[in-house]
Amino acid sequence: MESLEQEVAVAMPRIGDKAPEFKAITTQGEINFPADYKGKWVILFSHPADFTPVCTSEFMTFAKLEPEFSALNCQLVGLSIDGLYSHIAWLRTIKDKIEFKGMKNMEVKFPLIEDITMSVAKKYGMIQPGESSTKAVRAVFYIDPKGMIRAIIYYPLSMGRNFDELKRALIAMQTADAYNIATPADWQPGDDVIVPTAGSCGVANDRMETKEEGITCTDWFFCTKKLSLEQVNNPAHSN
């Protein structure tokens, strides 16, 4: 029985799965997830506990960057296994008392889920018993406008997240969708992108011999093209 409970605790959805549905109470009222955010990207993320220093630094950073994520059509949704009143008290403390890296008076306006039963955390595999059986690890789920899980990033309790990477990953996925490309290692908006690999001998031969306009190939399977920062910032103008 114990092994079965542990298996349930660490089970998690996978990339390409439909995001598990749930209803929850949050600091911004009740939500029906992910239906309430249809048509938007969502970053659903968990943190170990309220009133802890690493989590505090993360929430201040999320609050600062929320307008940037919103401009990317992305909703932030947080979660821990604390209760609603703990959440409210902690967020008030952050706004009224905490200063970090020049940030102060930071108001968290995105929803923070109450999950004292751990039902949502277990559904998303956020409880990892080898790390902690009473706290959620720092999980990050990217859910696209169709409600599908597109990326998953996990961090241990001791390590705060890299927010530049969280934003970069979102932009990379949105860019890949808009232009049917892939992004290479360490890609930043404005860098060259990867053209889909040739799917036939004929296409591979054409790429190497006829030199498609705007595409640079070092071999038949490794081709890149330029994608300007303006194009990345305005994917609606891709055609």
# chains A, B, ... in the order shown; residues from 1 in each chain; ligands from 1
$ closest_atom_pairs --of "region 109-186 of chain A" --to "region 64-80 of chain A" --cutoff "12 Å" --atoms "only C-alpha atoms" --output "tab-separated table"
residue	atom	partner	partner_atom	distance
A:Lys109	CA	A:Glu66	CA	8.5
A:Phe110	CA	A:Leu76	CA	6.0
A:Pro111	CA	A:Val77	CA	5.3
A:Leu112	CA	A:Gly78	CA	4.5
A:Ile113	CA	A:Leu79	CA	4.6
A:Glu114	CA	A:Ser80	CA	6.6
A:Asp115	CA	A:Ser80	CA	6.1
A:Ile116	CA	A:Ser80	CA	7.9
A:Thr117	CA	A:Ser80	CA	10.3
A:Met118	CA	A:Ser80	CA	8.4
A:Ser119	CA	A:Ser80	CA	10.8
A:Val120	CA	A:Leu79	CA	8.6
A:Ala121	CA	A:Ser80	CA	7.8
A:Lys122	CA	A:Ser80	CA	11.3
A:Tyr124	CA	A:Leu79	CA	11.0
A:Met126	CA	A:Ser80	CA	9.4
A:Ile127	CA	A:Ser80	CA	10.2
A:Thr134	CA	A:Ser80	CA	10.3
A:Lys135	CA	A:Ser80	CA	7.6
A:Ala136	CA	A:Ser80	CA	6.5
A:Val137	CA	A:Ser80	CA	9.1
A:Arg138	CA	A:Ser80	CA	9.5
A:Ala139	CA	A:Leu79	CA	9.6
A:Val140	CA	A:Gly78	CA	9.4
A:Phe141	CA	A:Val77	CA	9.9
A:Tyr142	CA	A:Cys74	CA	9.4
A:Ile143	CA	A:Cys74	CA	9.3
A:Asp144	CA	A:Cys74	CA	8.9
A:Pro145	CA	A:Cys74	CA	9.0
A:Phe163	CA	A:Leu65	CA	8.6
A:Asp164	CA	A:Leu65	CA	9.9
A:Leu166	CA	A:Phe69	CA	9.8
A:Lys167	CA	A:Phe69	CA	7.3
A:Arg168	CA	A:Phe69	CA	10.6
A:Ala169	CA	A:Phe69	CA	11.6
A:Leu170	CA	A:Leu72	CA	8.3
A:Ile171	CA	A:Leu72	CA	7.8
A:Ala172	CA	A:Leu72	CA	11.4
A:Met173	CA	A:Leu72	CA	11.3
A:Gln174	CA	A:Leu72	CA	8.9
A:Thr175	CA	A:Leu72	CA	11.1
$ select_by_dssp --residues "region 6-114 of chain A" --states "strand (DSSP E)" --output "list in words"
Phe22, Lys23, Ala24, Ile25, Thr26, Gly29, Glu30, Ile31, Asn32, Phe33, Trp41, Val42, Ile43, Leu44, Phe45, Ser46, Cys74, Gln75, Leu76, Val77, Gly78, Leu79, Ser80, Leu112, Ile113 and Glu114 of chain A
$ write_last_selection --atoms "C-alpha atoms" --output "PDB file, in the first residue's frame"
ATOM      1  CA  PHE A  22      -9.071  20.879 -11.448  1.00  0.00           C
ATOM      2  CA  LYS A  23     -11.026  23.508  -9.564  1.00  0.00           C
ATOM      3  CA  ALA A  24      -9.293  25.404  -6.778  1.00  0.00           C
ATOM      4  CA  ILE A  25      -9.527  28.316  -4.389  1.00  0.00           C
ATOM      5  CA  THR A  26      -6.861  30.952  -4.980  1.00  0.00           C
ATOM      6  CA  GLY A  29     -10.930  33.680  -6.251  1.00  0.00           C
ATOM      7  CA  GLU A  30     -11.975  30.265  -7.520  1.00  0.00           C
ATOM      8  CA  ILE A  31     -10.507  29.015 -10.789  1.00  0.00           C
ATOM      9  CA  ASN A  32     -11.431  26.233 -13.173  1.00  0.00           C
ATOM     10  CA  PHE A  33      -8.138  25.053 -14.634  1.00  0.00           C
ATOM     11  CA  TRP A  41      -0.395  30.262 -22.448  1.00  0.00           C
ATOM     12  CA  VAL A  42      -0.151  29.394 -18.764  1.00  0.00           C
ATOM     13  CA  ILE A  43       2.851  28.873 -16.517  1.00  0.00           C
ATOM     14  CA  LEU A  44       1.653  26.744 -13.600  1.00  0.00           C
ATOM     15  CA  PHE A  45       4.365  26.614 -10.967  1.00  0.00           C
ATOM     16  CA  SER A  46       4.693  25.261  -7.445  1.00  0.00           C
ATOM     17  CA  CYS A  74       0.835  34.142 -20.697  1.00  0.00           C
ATOM     18  CA  GLN A  75      -0.949  33.785 -17.348  1.00  0.00           C
ATOM     19  CA  LEU A  76       1.028  32.956 -14.203  1.00  0.00           C
ATOM     20  CA  VAL A  77      -0.586  30.587 -11.678  1.00  0.00           C
ATOM     21  CA  GLY A  78       1.229  29.619  -8.460  1.00  0.00           C
ATOM     22  CA  LEU A  79       0.650  26.786  -6.004  1.00  0.00           C
ATOM     23  CA  SER A  80       1.812  25.519  -2.648  1.00  0.00           C
ATOM     24  CA  LEU A 112      -1.876  31.513  -5.847  1.00  0.00           C
ATOM     25  CA  ILE A 113      -3.653  28.183  -5.322  1.00  0.00           C
ATOM     26  CA  GLU A 114      -4.567  26.821  -1.902  1.00  0.00           C
TER      27      GLU A 114
END
$ atom_distance --atom1 "CA of Gln128 (chain A)" --atom2 "CA of Glu21 (chain A)"
20.3 Å
$ atom_distance --atom1 "CA of His87 (chain A)" --atom2 "CA of Ala49 (chain A)"
9.3 Å
$ select_by_dssp --residues "region 62-140 of chain A" --states "helix (DSSP H, G or I)" --output "count of residues only"
29
$ closest_residue --among "A:Met106, A:Gln188, A:Gly125, A:Lys146" --to "Phe62 (chain A)" --atoms "only C-alpha atoms"
A:Met106
$ residues_around --residues "Phe51 (chain A)" --least-positions-apart "5" --cutoff "12 Å" --atoms "only C-alpha atoms" --output "list in words"
Thr56, Ser57, Glu58, Phe59, Ser80, Asp82, Ser86, His87, Ile88, Ala89, Trp90, Leu91, Arg92, Thr93, Ile94 and Ile98 of chain A
$ write_last_selection --atoms "N, CA and C atoms" --output "short mmCIF file (atom, residue, chain, number, x, y, z; two decimals), in the first residue's frame"
data_model
loop_
_atom_site.label_atom_id
_atom_site.label_comp_id
_atom_site.auth_asym_id
_atom_site.auth_seq_id
_atom_site.Cartn_x
_atom_site.Cartn_y
_atom_site.Cartn_z
N THR A 56 10.12 33.55 -1.45
CA THR A 56 9.84 34.98 -1.40
C THR A 56 10.57 35.71 -2.53
N SER A 57 11.84 35.36 -2.73
CA SER A 57 12.60 36.00 -3.82
C SER A 57 11.98 35.67 -5.17
N GLU A 58 11.48 34.46 -5.32
CA GLU A 58 10.87 34.07 -6.59
C GLU A 58 9.55 34.82 -6.84
N PHE A 59 8.73 34.92 -5.82
CA PHE A 59 7.44 35.58 -6.01
C PHE A 59 7.62 37.07 -6.28
N SER A 80 1.10 26.26 -3.70
CA SER A 80 1.81 25.52 -2.65
C SER A 80 0.76 24.82 -1.81
N ASP A 82 0.06 25.23 1.19
CA ASP A 82 -0.39 26.07 2.30
C ASP A 82 -1.85 26.48 2.09
N SER A 86 -2.79 31.75 4.90
CA SER A 86 -1.32 31.82 4.91
C SER A 86 -0.83 32.53 3.66
N HIS A 87 -1.40 32.16 2.51
CA HIS A 87 -1.04 32.83 1.26
C HIS A 87 -1.25 34.34 1.35
N ILE A 88 -2.43 34.73 1.82
CA ILE A 88 -2.77 36.16 1.90
C ILE A 88 -1.80 36.90 2.82
N ALA A 89 -1.54 36.31 3.99
CA ALA A 89 -0.64 36.95 4.94
C ALA A 89 0.77 37.08 4.37
N TRP A 90 1.23 36.04 3.69
CA TRP A 90 2.58 36.06 3.11
C TRP A 90 2.69 37.11 2.01
N LEU A 91 1.71 37.16 1.12
CA LEU A 91 1.76 38.14 0.04
C LEU A 91 1.67 39.56 0.56
N ARG A 92 0.91 39.76 1.63
CA ARG A 92 0.86 41.09 2.26
C ARG A 92 2.22 41.46 2.87
N THR A 93 2.87 40.47 3.47
CA THR A 93 4.20 40.71 4.04
C THR A 93 5.20 41.07 2.96
N ILE A 94 5.15 40.35 1.84
CA ILE A 94 6.03 40.65 0.71
C ILE A 94 5.86 42.11 0.28
N ILE A 98 9.22 43.38 2.49
CA ILE A 98 10.40 42.74 1.93
C ILE A 98 10.99 43.56 0.79
#
$ closest_residue --among "A:Ser158, A:Thr216, A:Thr27, A:Ser133" --to "Ile194 (chain A)" --atoms "only C-alpha atoms"
A:Thr216
$ closest_residue --among "A:Leu157, A:Cys223, A:Ala35, A:Ala19" --to "Ser132 (chain A)" --atoms "only C-alpha atoms"
A:Leu157
$ atom_distance --atom1 "CA of Gly160 (chain A)" --atom2 "CA of Asp177 (chain A)"
28.6 Å
$ closest_residue --among "A:Gly190, A:Pro196, A:Gly214, A:Pro13" --to "Ser228 (chain A)" --atoms "only C-alpha atoms"
A:Gly190
